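Below is one structure; the comments refer to it alone.
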Amino acid sequence: NNCAACHGPEGKDGAAIPLGDPLFLAIADDAVIRRTATTGVPGFLTPAFAVSAGGMLTDKPIDAIVTGIRSWAKPDRVSGSGLPPYSAEAPGDPTRGAEVYATYCSSCHEPDGRGGQKASSIVDGSYLSLVSDQQLRTIVIAGRPELGAPDRRNNVPGHPMAAQELADVAAWLAVRSPQVPGHPDL
């Protein structure tokens with residue numbers, strides 16, 4: 001009732017990252033899911049659902065959301081994958097991120113990030129103004145398999161993206177976000 005509008009029924013096939021994705025569930029622990037369901041993502045489209053943060057749900061339904069999302073986890077599908085942490089341990093460097101992007105992402109999203117035959121634009125200001133830096137990082141880690149976008153393990157076969165490379169490419173994307181949403185030139 002609360003998440004499916006964006007994340008799709010059973011946590012997949014929605015406009016937002018699939019909550020039922022095994023890789024997402026392997027990196028996002030209960031605290032991450034609870035915090036997001038409770039307070040949302042301030043300044044972005046994910047609203048606060050908890051009464052304590054201005055939403056309409058008490059602790060019991062928030063617990064049910066966390067339990068329901070966690071029930072989709074399939075840890076055996078991602079075991080041994082050397083998972084990076086959900087949040088960056090060190091800030092990313094956008095300059096290094098340009099090199100990481102060229103290596104791991106440009107073959108589908110094109111050298112300028114504006115997309116082409118294989119994938120859509122990931123530097124569109126309208127898109128970037130809707131997602132947080134953490135959401136960018138999460139999408140780079142987990143991919144969007146339902147859209148044919150590989151996760152960080154499969155962009156370059158045999159060479160998964162390292163934790164710092166994830167932070168760097170997310171920083172490269174974040175600096176392209178418009179300072180004033182709706183006004184890409186500002």
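So you can find residues: chains in the structure tokens are A, B, ... in the order shown, residues in each start at 1, and ligands are numbered from 1 in order.
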| said: With DSSP run on the backbone, what are the helix (DSSP H, G or I) residues within segment 115-174 of chain A? I'd like them as a list in words. | reply: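 Those in segment 115-174 of chain A that DSSP calls helix (DSSP H, G or I) are Gly125, Ser126, Tyr127, Leu128, Asp133, Gln134, Gln135, Leu136, Arg137, Thr138, Ile139, Val140, Ile141, Ala142, Pro145, Glu146, Leu147, Ala163, Gln164, Glu165, Leu166, Ala167, Asp168, Val169, Ala170, Ala171, Trp172, Leu173 and Ala174 of chain A.
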Counting only C-alpha atoms, which residues of segment 25-126 of chain A fall within 9 Å of segment 155-174 of chain A, and what is the closest atom pair for each with its distance in Å at one decimal, ordered by chain and rising number, as a Markdown table?
| residue | atom | partner | partner_atom | distance |
| --- | --- | --- | --- | --- |
| A:Ser81 | CA | A:Pro160 | CA | 8.9 |
| A:Leu83 | CA | A:Ala163 | CA | 8.6 |
| A:Pro84 | CA | A:Ala163 | CA | 5.5 |
| A:Pro85 | CA | A:Ala163 | CA | 7.5 |
| A:Ser87 | CA | A:Ala167 | CA | 8.8 |
| A:Ala88 | CA | A:Ala167 | CA | 5.9 |
| A:Glu89 | CA | A:Ala163 | CA | 8.2 |
| A:Ala90 | CA | A:Ala167 | CA | 7.4 |
| A:Pro91 | CA | A:Ala167 | CA | 6.4 |
| A:Gly92 | CA | A:Asp168 | CA | 4.0 |
| A:Asp93 | CA | A:Asp168 | CA | 4.7 |
| A:Pro94 | CA | A:Trp172 | CA | 4.0 |
| A:Thr95 | CA | A:Trp172 | CA | 6.9 |
| A:Arg96 | CA | A:Asp168 | CA | 5.9 |
| A:Gly97 | CA | A:Val169 | CA | 3.9 |
| A:Ala98 | CA | A:Trp172 | CA | 6.1 |
| A:Glu99 | CA | A:Val169 | CA | 8.3 |
| A:Val100 | CA | A:Val169 | CA | 6.0 |
| A:Tyr101 | CA | A:Val169 | CA | 5.9 |
| A:Thr103 | CA | A:Val156 | CA | 7.9 |
| A:Tyr104 | CA | A:Asn155 | CA | 5.5 |
| A:Cys105 | CA | A:Asn155 | CA | 7.0 |
| A:Ile122 | CA | A:Leu173 | CA | 7.7 |
| A:Val123 | CA | A:Leu173 | CA | 6.7 |
| field | For Phe24 of chain A, the nearest of the candidates A:Ser120, A:Lys12, A:Phe49, A:Gly55, counting only C-alpha atoms | value |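 Going through A:Ser120, A:Lys12, A:Phe49, A:Gly55 one by one, the smallest distance to Phe24 of chain A is for A:Lys12.
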I'd like the neighbourhood of Ser52 of chain A as an mmCIF file with N, CA and C atoms, in the first residue's frame, where a residue qualifies if any of its atoms comes within 12 Å (using only C-alpha atoms), though same-chain residues fewer than 3 positions away should be ignored.
data_model
loop_
_atom_site.group_PDB
_atom_site.id
_atom_site.type_symbol
_atom_site.label_atom_id
_atom_site.label_comp_id
_atom_site.auth_asym_id
_atom_site.auth_seq_id
_atom_site.Cartn_x
_atom_site.Cartn_y
_atom_site.Cartn_z
ATOM 1 N N ARG A 35 15.029 3.094 8.307
ATOM 2 C CA ARG A 35 15.263 4.543 8.257
ATOM 3 C C ARG A 35 14.572 5.157 7.038
ATOM 4 N N ALA A 37 11.975 3.924 5.309
ATOM 5 C CA ALA A 37 10.524 3.859 5.476
ATOM 6 C C ALA A 37 10.041 4.872 6.510
ATOM 7 N N THR A 38 10.854 5.119 7.528
ATOM 8 C CA THR A 38 10.465 6.035 8.595
ATOM 9 C C THR A 38 10.555 7.489 8.156
ATOM 10 N N THR A 39 11.737 7.899 7.682
ATOM 11 C CA THR A 39 11.965 9.323 7.399
ATOM 12 C C THR A 39 11.966 9.662 5.926
ATOM 13 N N GLY A 40 11.896 8.656 5.051
ATOM 14 C CA GLY A 40 11.963 8.909 3.620
ATOM 15 C C GLY A 40 13.360 9.354 3.237
ATOM 16 N N ALA A 48 8.371 10.418 3.951
ATOM 17 C CA ALA A 48 8.396 9.835 5.291
ATOM 18 C C ALA A 48 7.058 9.148 5.513
ATOM 19 N N PHE A 49 7.089 7.905 5.994
ATOM 20 C CA PHE A 49 5.852 7.183 6.256
ATOM 21 C C PHE A 49 5.509 7.130 7.736
ATOM 22 N N GLY A 55 4.463 11.258 8.683
ATOM 23 C CA GLY A 55 3.696 10.323 7.858
ATOM 24 C C GLY A 55 2.488 9.805 8.602
ATOM 25 N N MET A 56 1.946 8.683 8.138
ATOM 26 C CA MET A 56 0.721 8.154 8.731
ATOM 27 C C MET A 56 0.881 6.792 9.401
ATOM 28 N N LEU A 57 2.088 6.224 9.411
ATOM 29 C CA LEU A 57 2.273 4.875 9.946
ATOM 30 C C LEU A 57 2.932 4.882 11.321
ATOM 31 N N THR A 58 2.436 4.014 12.183
ATOM 32 C CA THR A 58 3.054 3.823 13.494
ATOM 33 C C THR A 58 4.192 2.812 13.359
ATOM 34 N N ASP A 59 4.843 2.506 14.460
ATOM 35 C CA ASP A 59 5.985 1.585 14.428
ATOM 36 C C ASP A 59 5.621 0.191 13.916
ATOM 37 N N ILE A 62 5.544 0.023 10.161
ATOM 38 C CA ILE A 62 6.930 0.198 9.676
ATOM 39 C C ILE A 62 7.677 -1.119 9.844
#
| Of the candidates A:Val51, A:Ala26, A:Pro42, A:Asn2, which one gets nearest to Ala64 of chain A if we count only C-alpha atoms? |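 Looking only at the distances to Ala64 of chain A, the closest residue turns out to be A:Asn2.
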| query | Skipping near chain neighbours, those fewer than 2 positions away, what residues fall within 8 Å of Asp21 of chain A using only C-alpha atoms, listed as an NGL selection string? | reply | :A and (11-12 or 18-19 or 23-25 or 72-73 or 142)
| query | Rounded to one decimal in Å, what is the spacing between atom CA of Lys74 of chain A and atom CA of Thr46 of chain A? | reply |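 Interatomic distance here is 24.6 Å.
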| query | Could you state the separation of atom CA of Lys60 of chain A and atom CA of Asp29 of chain A in Å, given to one decimal place? | reply |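 So the answer is 18.2 Å.
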| Could you name the residues that touch Asp13 of chain A at 10 Å or less, counting only C-alpha atoms, but leaving out those on the same chain fewer than 4 positions away, as a PyMOL selection string? | chain A and resi 4+6-9+17-20+144-147
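Among A:Ala102, A:Val32, A:Ala119, A:Ala53, the residue with the shortest atom-to-atom distance to Pro150 of chain A, counting only C-alpha atoms, is A:Ala119.
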| query | Quick one: of A:Gln134, A:Val175, A:Ser121, A:Glu110, who's nearest to Thr36 of chain A, counting only C-alpha atoms? | reply |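 The shortest atom-to-atom distance to Thr36 of chain A comes from A:Gln134.
Picture a line from atom CA of Asn1 of chain A to atom CA of Ala31 of chain A; it runs 20.8 Å.
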